[in-house]
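Structure file work_4.cif (mmCIF, C-alpha atoms) follows.
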```
data_data
loop_
_atom_site.label_atom_id
_atom_site.label_comp_id
_atom_site.auth_asym_id
_atom_site.auth_seq_id
_atom_site.Cartn_x
_atom_site.Cartn_y
_atom_site.Cartn_z
CA MET E 21 -12.23 59.24 58.30
CA ASP E 22 -8.64 58.82 57.14
CA ASN E 23 -7.44 57.38 53.85
CA SER E 24 -6.62 53.96 55.38
CA SER E 25 -10.24 53.56 56.56
CA ASP E 26 -11.54 54.46 53.12
CA MET E 27 -9.22 51.85 51.58
CA ARG E 28 -10.46 49.12 53.98
CA ILE E 29 -14.10 49.90 53.12
CA LEU E 30 -13.30 49.78 49.42
CA LEU E 31 -11.57 46.41 49.75
CA VAL E 32 -14.46 44.89 51.73
CA THR E 33 -17.00 46.17 49.18
CA THR E 34 -14.98 44.75 46.30
CA PHE E 35 -14.69 41.37 48.03
CA LEU E 36 -18.44 41.19 48.66
CA PHE E 37 -19.18 42.08 45.03
CA ALA E 38 -16.80 39.39 43.80
CA ALA E 39 -18.38 36.79 46.09
CA VAL E 40 -21.86 37.60 44.75
CA PHE E 41 -20.54 37.40 41.18
CA VAL E 42 -18.99 33.95 41.78
CA SER E 43 -22.14 32.71 43.45
CA ASN E 44 -24.29 33.89 40.55
CA GLY E 45 -21.86 32.31 38.13
CA GLN E 46 -22.20 28.98 39.88
CA GLU E 47 -25.98 29.19 39.71
CA VAL E 48 -25.86 29.91 35.98
CA GLY E 49 -23.50 26.99 35.43
CA ALA E 50 -25.78 24.66 37.37
CA SER E 51 -28.75 25.83 35.30
CA GLN E 52 -26.89 25.22 32.06
CA ALA E 53 -25.89 21.73 33.27
CA ARG E 54 -29.56 20.72 33.60
CA SER E 55 -29.86 19.53 30.04
CA ILE E 56 -29.63 16.33 28.06
CA SER E 57 -28.08 15.82 24.62
CA VAL E 58 -29.32 12.98 22.41
CA SER E 59 -29.24 11.90 18.79
CA GLY E 60 -31.97 10.49 16.59
CA THR E 61 -31.70 8.60 13.33
CA ALA E 62 -34.22 7.61 10.69
CA GLU E 63 -33.48 5.46 7.65
CA ARG E 64 -35.41 4.22 4.66
CA ILE E 65 -34.28 1.65 2.09
CA SER E 66 -36.01 2.03 -1.24
CA THR E 67 -35.72 0.63 -4.73
CA ALA E 68 -33.76 2.95 -7.00
CA ASN E 69 -35.71 4.80 -9.68
CA GLN E 70 -32.64 6.17 -11.49
CA ILE E 71 -29.25 4.72 -12.37
CA ARG E 72 -26.15 6.68 -13.41
CA ILE E 73 -23.41 4.79 -15.23
CA SER E 74 -19.99 6.47 -15.34
CA VAL E 75 -18.17 5.68 -18.59
CA GLU E 76 -14.72 6.58 -19.90
CA ILE E 77 -13.36 6.42 -23.44
CA ARG E 78 -9.59 6.50 -23.94
CA THR E 79 -7.86 6.46 -27.33
CA VAL E 80 -4.16 6.87 -28.25
CA ASP E 81 -2.60 7.92 -31.57
CA GLU E 82 0.61 9.44 -32.85
CA GLN E 83 -1.38 12.50 -33.95
CA LEU E 84 -3.40 14.46 -31.41
CA SER E 85 -6.12 15.23 -33.93
CA GLU E 86 -6.44 11.52 -34.72
CA ALA E 87 -6.68 10.58 -31.05
CA GLN E 88 -9.40 13.17 -30.50
CA GLY E 89 -11.21 12.09 -33.62
CA LYS E 90 -11.18 8.45 -32.54
CA SER E 91 -12.56 9.22 -29.07
CA LYS E 92 -15.32 11.35 -30.59
CA LYS E 93 -16.17 8.57 -33.03
CA VAL E 94 -16.45 6.07 -30.18
CA PHE E 95 -18.55 8.52 -28.14
CA ASP E 96 -20.93 9.14 -31.05
CA GLY E 97 -21.13 5.38 -31.57
CA VAL E 98 -22.13 4.86 -27.92
CA ILE E 99 -24.95 7.39 -28.25
CA GLU E 100 -26.16 5.64 -31.39
CA ASP E 101 -25.92 2.11 -29.94
CA ILE E 102 -27.67 2.79 -26.64
CA GLY E 103 -30.11 5.07 -28.44
CA ALA E 104 -31.29 2.02 -30.34
CA LEU E 105 -32.01 0.49 -26.91
CA GLY E 106 -34.22 3.38 -25.88
CA VAL E 107 -31.76 5.77 -24.21
CA LYS E 108 -32.29 9.35 -25.39
CA ALA E 109 -29.33 11.51 -26.43
CA GLU E 110 -30.02 14.02 -23.63
CA GLU E 111 -29.65 11.20 -21.11
CA VAL E 112 -25.97 10.95 -22.03
CA GLN E 113 -24.02 13.78 -20.37
CA LEU E 114 -20.39 14.54 -21.23
CA LYS E 115 -18.51 15.34 -17.99
CA ASP E 116 -14.92 15.88 -19.12
CA HIS E 117 -12.64 15.76 -22.15
CA GLU E 118 -8.88 15.56 -21.60
CA PHE E 119 -5.88 15.02 -23.85
CA GLY E 120 -2.11 14.89 -23.50
CA LYS E 121 1.03 12.86 -24.17
CA GLU E 122 1.07 9.14 -23.46
CA TYR E 123 4.25 7.48 -22.12
CA VAL E 124 5.15 3.87 -21.29
CA ASP E 125 7.97 2.53 -19.10
CA GLY E 126 11.01 1.28 -21.01
CA PRO E 127 13.35 -1.61 -20.01
CA ASN E 128 15.58 0.73 -17.99
CA ARG E 129 12.65 2.60 -16.45
CA GLN E 130 13.00 5.40 -18.94
CA LYS E 131 9.85 7.03 -20.27
CA ILE E 132 9.09 6.18 -23.89
CA TRP E 133 6.67 8.41 -25.74
CA LYS E 134 3.80 6.40 -27.19
CA GLY E 135 1.60 9.10 -28.68
CA PHE E 136 -1.24 11.39 -27.70
CA PHE E 137 -4.21 10.28 -25.63
CA SER E 138 -7.76 11.58 -25.69
CA THR E 139 -10.26 10.69 -22.94
CA ARG E 140 -13.94 11.47 -22.69
CA GLU E 141 -15.86 10.85 -19.47
CA PHE E 142 -19.63 10.81 -19.56
CA LEU E 143 -22.73 9.66 -17.69
CA VAL E 144 -25.50 7.46 -18.99
CA ILE E 145 -28.64 8.25 -16.99
CA LEU E 146 -31.30 5.55 -16.91
CA ASP E 147 -34.79 6.29 -15.59
CA GLN E 148 -35.84 2.78 -16.57
CA VAL E 149 -33.77 0.72 -14.16
CA ASP E 150 -34.59 -2.54 -15.93
CA GLN E 151 -32.30 -1.37 -18.77
CA LEU E 152 -29.18 -1.72 -16.63
CA GLU E 153 -27.86 -5.10 -17.70
CA LEU E 154 -28.79 -4.51 -21.32
CA ILE E 155 -26.82 -1.23 -21.41
CA HIS E 156 -23.90 -2.77 -19.54
CA SER E 157 -23.73 -5.59 -22.08
CA LYS E 158 -23.73 -3.14 -24.97
CA LEU E 159 -20.97 -1.02 -23.44
CA ALA E 160 -18.88 -4.12 -22.73
CA GLU E 161 -18.74 -4.92 -26.45
CA ASN E 162 -16.35 -2.02 -27.11
CA PRO E 163 -12.77 -2.53 -25.81
CA GLU E 164 -12.12 1.25 -25.78
CA ILE E 165 -14.89 1.80 -23.23
CA GLU E 166 -14.50 1.39 -19.47
CA VAL E 167 -17.41 1.50 -17.01
CA SER E 168 -15.88 3.08 -13.92
CA GLY E 169 -18.93 2.99 -11.65
CA THR E 170 -22.68 2.72 -11.29
CA ARG E 171 -24.83 4.65 -8.81
CA PHE E 172 -28.39 3.88 -7.79
CA LEU E 173 -30.42 6.97 -6.84
CA ARG E 174 -33.83 8.20 -5.79
CA THR E 175 -34.97 11.28 -7.67
CA ASP E 176 -37.41 12.13 -4.85
CA ASP E 177 -34.70 12.06 -2.17
CA ILE E 178 -35.47 15.63 -0.98
CA GLU E 179 -39.07 14.74 -0.14
CA ILE E 180 -37.97 11.50 1.54
CA ARG E 181 -35.37 13.34 3.63
CA LYS E 182 -38.04 15.78 4.89
CA GLU E 183 -40.05 12.84 6.21
CA LEU E 184 -36.96 11.18 7.67
CA ARG E 185 -35.91 14.40 9.41
CA THR E 186 -39.27 14.54 11.22
CA GLU E 187 -38.95 10.88 12.22
CA ALA E 188 -35.39 11.45 13.48
CA LEU E 189 -36.49 14.43 15.61
CA LYS E 190 -39.31 12.38 17.14
CA ALA E 191 -36.89 9.55 17.85
CA ALA E 192 -34.53 11.95 19.61
CA ARG E 193 -37.32 13.25 21.83
CA GLU E 194 -38.51 9.75 22.74
CA LYS E 195 -34.97 8.75 23.65
CA ALA E 196 -34.42 11.86 25.78
CA SER E 197 -37.76 11.43 27.55
CA ALA E 198 -37.00 7.81 28.45
CA MET E 199 -33.56 8.73 29.79
CA ALA E 200 -34.90 11.64 31.87
CA GLU E 201 -37.66 9.48 33.34
CA VAL E 202 -35.04 7.26 35.00
CA TYR E 203 -34.04 10.25 37.16
CA GLU E 204 -37.66 11.39 37.69
CA LEU E 205 -37.15 14.42 35.47
CA THR E 206 -39.14 15.71 32.54
CA LEU E 207 -38.10 17.37 29.31
CA GLY E 208 -38.37 21.06 28.75
CA LYS E 209 -37.93 22.98 25.52
CA PRO E 210 -35.19 22.07 23.03
CA LEU E 211 -32.16 24.30 23.53
CA LYS E 212 -30.24 23.27 20.43
CA ILE E 213 -31.10 21.33 17.27
CA GLU E 214 -28.67 20.36 14.55
CA GLU E 215 -28.45 17.86 11.76
CA GLY E 216 -25.71 15.26 11.83
CA ASN E 217 -22.57 15.96 9.82
CA PHE E 218 -21.90 13.27 7.24
CA ASN E 219 -21.10 13.12 3.54
CA GLY E 220 -24.37 12.99 1.71
CA TYR E 221 -27.53 11.04 2.18
CA PHE E 222 -26.84 8.31 -0.36
CA LEU E 223 -25.48 4.90 0.41
CA SER E 224 -25.05 3.85 -3.18
CA ILE E 225 -24.37 0.30 -4.28
CA SER E 226 -21.56 -0.01 -6.82
CA ILE E 227 -21.45 -2.71 -9.45
CA ASN E 228 -19.38 -3.57 -12.48
CA ILE E 229 -20.10 -5.38 -15.69
CA THR E 230 -19.20 -8.86 -14.49
CA ARG E 231 -20.48 -8.85 -10.92
CA ASN E 232 -23.58 -7.36 -9.32
CA THR E 233 -23.18 -6.54 -5.66
CA GLY E 234 -26.13 -5.95 -3.38
CA ILE E 235 -28.69 -6.29 -6.17
CA ASP E 236 -32.13 -7.75 -5.61
CA ARG E 237 -33.97 -9.47 -8.40
CA THR E 238 -37.69 -9.43 -9.01
CA GLN E 239 -39.63 -12.53 -9.99
CA GLU E 240 -39.11 -11.50 -13.60
CA GLY E 241 -35.33 -11.60 -13.05
CA VAL E 242 -34.82 -7.84 -13.44
CA ALA E 243 -31.94 -6.36 -11.40
CA ARG E 244 -33.11 -3.80 -8.84
CA GLY E 245 -30.64 -1.61 -6.98
CA LYS E 246 -31.38 -0.45 -3.44
CA VAL E 247 -30.75 3.00 -2.02
CA SER E 248 -30.48 3.73 1.69
CA LEU E 249 -31.38 7.29 2.70
CA TYR E 250 -30.91 8.39 6.28
CA VAL E 251 -30.95 11.49 8.47
CA THR E 252 -29.28 11.96 11.85
CA VAL E 253 -30.11 14.83 14.21
CA LYS E 254 -28.67 16.00 17.53
CA VAL E 255 -30.93 17.75 20.05
CA VAL E 256 -30.20 19.30 23.46
CA PHE E 257 -33.27 19.41 25.73
CA GLU E 258 -33.75 21.36 28.94
CA LEU E 259 -34.40 19.22 32.03
CA VAL E 260 -37.01 20.27 34.60
CA ASN E 261 -38.21 18.73 37.87
#
```

Could you express the structure from this file as structure tokens?
Amino acid sequence: MDNSSDMRILLVTTFLFAAVFVSNGQEVGASQARSISVSGTAERISTANQIRISVEIRTVDEQLSEAQGKSKKVFDGVIEDIGALGVKAEEVQLKDHEFGKEYVDGPNRQKIWKGFFSTREFLVILDQVDQLELIHSKLAENPEIEVSGTRFLRTDDIEIRKELRTEALKAAREKASAMAEVYELTLGKPLKIEEGNFNGYFLSISINITRNTGIDRTQEGVARGKVSLYVTVKVVFELVN
């Protein structure tokens, strides 16, 4: 057999191998396509059992030491005032303390130095949620204090999310099963499971001193914040005949 015959045999063999490879590839692709992707969500709205009030103190003075001293005096006064209302000192957490130069805009848009500022940001953590309006009223008495936000939380959110995750997974399977039944198919094993990507589990309700938004009141007239906790999952199921 000459070299040209050997070359023809080699080319035919290569072509047959490539054809088998493509065929197998199509079969694999078809198998992978026999799946269904669904999402499942579970949500629970509960009464908050903890409230976190974000507070800021800002003082200005020509001397930096005086500005810092004033902000510390106000901070210590807050601890004393709300302590008399039943809030423990350890339930007040200092988050940040900043200082620098304070400027104001002049008549020709030039910057005019006013003095040094000192700010202290801290949290007031309330485990007794019925204290909310009382603490807000006390903080509002001081003009150097600003309440920048209020968050309603559940301290048992981890346990609640575990239950919600199970409910969301069951909801995803029920949805997938109903969809597959339309095409006379049944579900196989889950091929992929992932939790939805979103920023946190809390849907907090913000309020300020003068206006309560989204607050329920009990028969006794006590403000109760609501917290919505939710979990979303995505599941890919195998489809079988």

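The smallest atom-to-atom distance between Leu173 of chain E and any of E:Leu259, E:Glu110, E:Leu249, E:Lys115, using all atoms listed in the file, is found for E:Leu249.
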
Inset, instruction - Skip segment 119-130 of chain E itself and residues of its chain fewer than 6 positions away, then list as a list in words all residues within 12 Å of it, counting only C-alpha atoms. - result: Ile77, Arg78, Thr79, Val80, Asp81, Glu82, Gln83, Leu84, Ser85, Glu86, Ala87, Gln88, Gly89, Ser91, Phe136, Phe137, Ser138, Thr139, Arg140 and Glu141 of chain E

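Here atom CA of Ile73 of chain E and atom CA of Ile145 of chain E stand 6.5 Å from one another.
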
Inset, instruction - Point out the residue among E:Val255, E:Leu105, E:Ile178, E:Val112 with the least atom-to-atom distance to Lys190 of chain E, counting only C-alpha atoms. - result: E:Val255

Legend entry - Spatial neighbours of Ser55 of chain E, 12 Å, only C-alpha atoms, chain gap at least 3 places, as an MDAnalysis selection string: chainID E and resid 49:52 58 196:197 199:200 205:212 255:261

Inset, instruction - Quick one: everything within 12 Å of Asp176 of chain E, counting all atoms listed in the file, minus sequence neighbours fewer than 6 positions away in the same chain. Send it as a PyMOL selection string. - result: chain E and resi 66-70+182-183+247+249
